[in-house]
2 protein chains.
Amino acid sequence: MTRSTGQKATAGKPRRQSSMADRVYEALKDDIFEFRLIPGDKFSEGDVATRLSASRTPVREALYRLQREGHMDVLFRSGWQVKPLDFQMVEELYDLRITLERAAMHKICSHSTPPPILRQLNAIWHPDHPSERAIGSTARALDESFHCELVAAASNREMTRIHQEVTDRLRIIRRLDFTRADRVDATYNEHAEILDAISNNQPGAAAEKLTAHIRTSQAAVREITMEKIREAARAHQQNKTTS
Amino acid sequence: MTRSTGQKATAGKPRRQSSMADRVYEALKDDIFEFRLIPGDKFSEGDVATRLSASRTPVREALYRLQREGHMDVLFRSGWQVKPLDFQMVEELYDLRITLERAAMHKICSHSTPPPILRQLNAIWHPDHPSERAIGSTARALDESFHCELVAAASNREMTRIHQEVTDRLRIIRRLDFTRADRVDATYNEHAEILDAISNNQPGAAAEKLTAHIRTSQAAVREITMEKIREAARAHQQNKTTS
DNA sequence: GATAGGCAGGTTGTATACAAGTTGACTGAC
DNA sequence: GTCAGTCAACTTGTATACAACCTGCCTATC
């Protein structure tokens with residue numbers, strides 16, 4: 001049976017073997033998300049190729065992919081640059097995210113049967129005891145998963161894909177939202193309320209609660225970001241002068 | 001003055017000179033949109049390179065770009081394939097389009113001052129005499145422009161970009177919507193009503209009219225598509241056997 | 001001292017060579 | 001006639017060489 005090696009890349013790791021281009025892509029994306037490459041940094045394809053022991057071809061492929069996803073800028077014959085943080089763009093991405101997730105609420109409630117994922121989400125965000133609540137990076141991952149799963153439950157793959165893209169681009173910002181305990185608590189309460197509204201088939205209420213939830217998170221993150229960026233830039237600068 | 005060669009690519013043609021990769025990209029996209037390459041067609045990078053007198057490198061770049069945009073599939077070490085028309089996907093894209101354009105209606109009406117583009121759109125879709133109405137491919141282009149301009153008027157670049165991407169992917173389908181005069185007439189009336197609702201600051205009404213308008217167009221196109229595809233496949237097959 | 005011009009180094013864009021893997025047809029045995 | 005195995009041609013993935021062009025420094029001139 002000569003079945004193809006499988007297109008789907010959802011669960012497990014069905015990748016035939018991560019190609020060089022994929023590895024470079026993941027490495028650069030990590031560098032950006034972990035602030036090892038900070039917005040505004042410039043480098044050439046050759047630099048990356050040397051650093052990651054690859055040739056320029058897969059590096060170029062990875063960089064163009066990152067460019068399409070909004071993480072990099074290409075300066076014509078003058079190297080590449082990590083896209084400077086554009087706060088206007090972040091606001092717009094949040095708006096887009098709200099639009100998509102609101103639409104998902106209405107779609108979910110318009111289905112005849114509630115999606116099975118609701119049970120799992122309720123188990124996570126309606127814990128029997130507060131002690132079961134997650135914290136730190138786990139909470140962040142769970143939060144991201146909550147919103148993505150909700151959109152996915154609306155059963156529109158294109159909408160899910162775009163929402164995933166927005167999520168990826170906002171991750172670098174949203175990761176700052178779970179550094180304070182009160183924010184984690186608020187997230188649990190708000191997620192629970194949203195799930196309740198869906199269970200009661202109140203798409204309007206769910207959409208409103210969701211919007212307020214995202215706006216709150218957005219505001220909380222907004223103020224932390226600037227400070228973090230300044231801090232990273234400072235450490236980065238110091239690193240440069242000492243090396 | 002050593003100013004950079006300019007990043008913005010809005011007006012005129014500021015492109016330094018279309019690169020080979022761009023040329024290949026445009027050529028392939030045209031081939032797909034004009035049904036010279038029909039869904040399901042397979043070919044290799046080398047084929048394209050020879051046909052367009054380029055090397056494989058820019059061809060690969062163009063193909064990966066088309067893949068990312070949903071027009072092509074890459075078969076692992078087995079060539080490339082024009083993405084088969086996925087009707088489920090088309091439905092989902094229409095839903096996504098409606099979601100984005102509805103959100104744009106509300107955003108536009110929430111602005112304190114109406115966007116200037118409204119005057120131009122009114123001039124086009126509220127002609128003083130029916131004789132000023134466009135027909136055929138001009139009507140199609142105007143229709144596409146109408147919807148894109150409305151979304152752009154909401155002043156969210158990310159939303160505009162995604163909507164543009166959806167528009168690009170649906171174009172191959174939507175172009176079939178202006179082959180009948182009654183459809184053109186309906187489009188004029190419906191666009192006019194939508195503009196009226198916006199002018200009267202009734203975002204809800206505008207959104208409802210817009211949704212109905214798109215759904216009508218969607219239904220009209222749906223039935224034509226199948227026949228067109230069959231026809232193209234027939235001509236294509238005949239072409240193959242005679243050559 | 002300031003400015004214009006040229007030159008060297010570096011960068012991306014493109015072409016081509018090579019490696020690894022898939023496909024499909026052909027051949028042989030049963 | 002059918003099926004399994006082998007092999008050759010073809011395909012993508014990667015590395016590298018070359019070309020066109022941009023940038024910034026350095027020099028010479030005013």
# chains A, B, ... in the order shown; residues from 1 in each chain; ligands from 1
$ interface_residues --of "chain A" --to "chain D" --cutoff "7 Å" --atoms "only C-alpha atoms (C1' of nucleotides)" --output "JSON list (two decimals) with C-alpha atoms, in the first residue's frame"
[["chain", "number", "residue", "atom", "x", "y", "z"],
["A", 55, "SER", "CA", 23.16, 26.84, 3.34],
["A", 57, "THR", "CA", 18.71, 28.24, 0.31],
["A", 77, "ARG", "CA", 19.99, 43.98, -0.88],
["A", 78, "SER", "CA", 20.70, 45.24, 2.61]]
$ interface_residues --of "chain A" --to "chain B" --cutoff "7 Å" --atoms "only C-alpha atoms" --output "PyMOL selection string"
chain A and resi 92-93+96+99+103+156+158-159
$ select_by_dssp --residues "region 45-127 of chain A" --states "alpha helix (DSSP H)" --output "PyMOL selection string"
chain A and resi 45-51+56-68+87-110+117-125
$ residues_around --residues "Glu26 (chain B)" --least-positions-apart "5" --cutoff "9 Å" --atoms "only C-alpha atoms (C1' of nucleotides)" --output "list in words"
Ala21, Asp31 and Ala62 of chain B
$ interface_residues --of "chain C" --to "chain A" --cutoff "10 Å" --atoms "only C-alpha atoms (C1' of nucleotides)" --output "mmCIF file with C-alpha atoms (C1' of nucleotides), in the first residue's frame"
data_model
loop_
_atom_site.group_PDB
_atom_site.id
_atom_site.type_symbol
_atom_site.label_atom_id
_atom_site.label_comp_id
_atom_site.auth_asym_id
_atom_site.auth_seq_id
_atom_site.Cartn_x
_atom_site.Cartn_y
_atom_site.Cartn_z
ATOM 1 C "C1'" DG C 10 28.831 43.106 1.599
ATOM 2 C "C1'" DT C 11 24.001 41.730 0.414
ATOM 3 C "C1'" DT C 12 20.365 39.703 -2.031
ATOM 4 C "C1'" DG C 13 18.766 37.510 -6.582
#
$ select_by_dssp --residues "region 44-234 of chain A" --states "strand (DSSP E or B)" --output "list in words"
Met72, Asp73, Val74, Trp80, Gln81 and Val82 of chain A
$ write_last_selection --atoms "C-alpha atoms" --output "PDB file, in the first residue's frame"
ATOM      1  CA  MET A  72      10.531  39.926   9.357  1.00  0.00           C
ATOM      2  CA  ASP A  73      11.219  42.700   6.879  1.00  0.00           C
ATOM      3  CA  VAL A  74      13.519  42.271   3.912  1.00  0.00           C
ATOM      4  CA  TRP A  80      16.914  41.326   6.941  1.00  0.00           C
ATOM      5  CA  GLN A  81      15.377  42.979   9.954  1.00  0.00           C
ATOM      6  CA  VAL A  82      13.206  41.668  12.744  1.00  0.00           C
TER       7      VAL A  82
END
$ residues_around --residues "Asp196 (chain B)" --least-positions-apart "4" --cutoff "12 Å" --atoms "only C-alpha atoms (C1' of nucleotides)" --output "VMD selection string"
chain B and resid 105 109 118 to 119 121 to 122 125 to 126 189 to 192 200 to 203 205 to 207 209 to 210
$ atom_distance --atom1 "CA of His111 (chain B)" --atom2 "CA of His147 (chain B)"
18.2 Å
$ atom_distance --atom1 "CA of Ile172 (chain B)" --atom2 "CA of Gly204 (chain B)"
29.8 Å
$ atom_distance --atom1 "CA of Ser145 (chain B)" --atom2 "CA of Ile173 (chain B)"
15.7 Å
$ residues_around --residues "region 178-181 of chain A" --least-positions-apart "3" --cutoff "7 Å" --atoms "only C-alpha atoms (C1' of nucleotides)" --output "short mmCIF file (atom, residue, chain, number, x, y, z; two decimals) with C-alpha atoms, in the first residue's frame"
data_model
loop_
_atom_site.label_atom_id
_atom_site.label_comp_id
_atom_site.auth_asym_id
_atom_site.auth_seq_id
_atom_site.Cartn_x
_atom_site.Cartn_y
_atom_site.Cartn_z
CA GLY A 136 2.73 30.49 34.70
CA ARG A 140 -0.56 30.92 29.09
CA ARG A 175 3.01 35.86 26.98
CA VAL A 184 -4.60 34.33 36.06
CA ASP A 185 -7.54 34.37 38.46
#
$ decode --residues "chain D" --atoms "C-alpha atoms (C1' of nucleotides)" --output "tab-separated table (two decimals), in the first residue's frame"
chain	number	residue	atom	x	y	z
D	1	DG	C1'	-2.34	-14.18	-16.67
D	2	DT	C1'	-0.76	-12.25	-12.38
D	3	DC	C1'	2.16	-10.60	-9.04
D	4	DA	C1'	6.51	-9.37	-6.81
D	5	DG	C1'	10.96	-7.32	-7.27
D	6	DT	C1'	14.26	-4.35	-9.46
D	7	DC	C1'	15.86	-0.40	-11.68
D	8	DA	C1'	15.99	3.82	-14.28
D	9	DA	C1'	14.14	8.27	-14.76
D	10	DC	C1'	12.35	11.99	-12.53
D	11	DT	C1'	11.32	15.14	-8.55
D	12	DT	C1'	12.24	17.95	-4.74
D	13	DG	C1'	15.70	19.53	-1.08
D	14	DT	C1'	20.15	21.51	-0.40
D	15	DA	C1'	24.68	23.51	-1.34
D	16	DT	C1'	27.43	26.52	-3.83
D	17	DA	C1'	29.04	29.73	-7.51
D	18	DC	C1'	28.19	33.91	-9.86
D	19	DA	C1'	25.97	38.45	-11.05
D	20	DA	C1'	23.84	42.78	-10.06
D	21	DC	C1'	23.47	46.23	-6.95
D	22	DC	C1'	23.50	48.91	-2.59
D	23	DT	C1'	26.04	51.13	1.27
D	24	DG	C1'	29.39	53.42	3.54
D	25	DC	C1'	34.07	54.83	3.82
D	26	DC	C1'	37.97	57.05	1.94
D	27	DT	C1'	40.17	60.23	-0.86
D	28	DA	C1'	40.83	64.18	-3.55
D	29	DT	C1'	39.38	68.60	-4.76
D	30	DC	C1'	37.51	73.12	-3.97
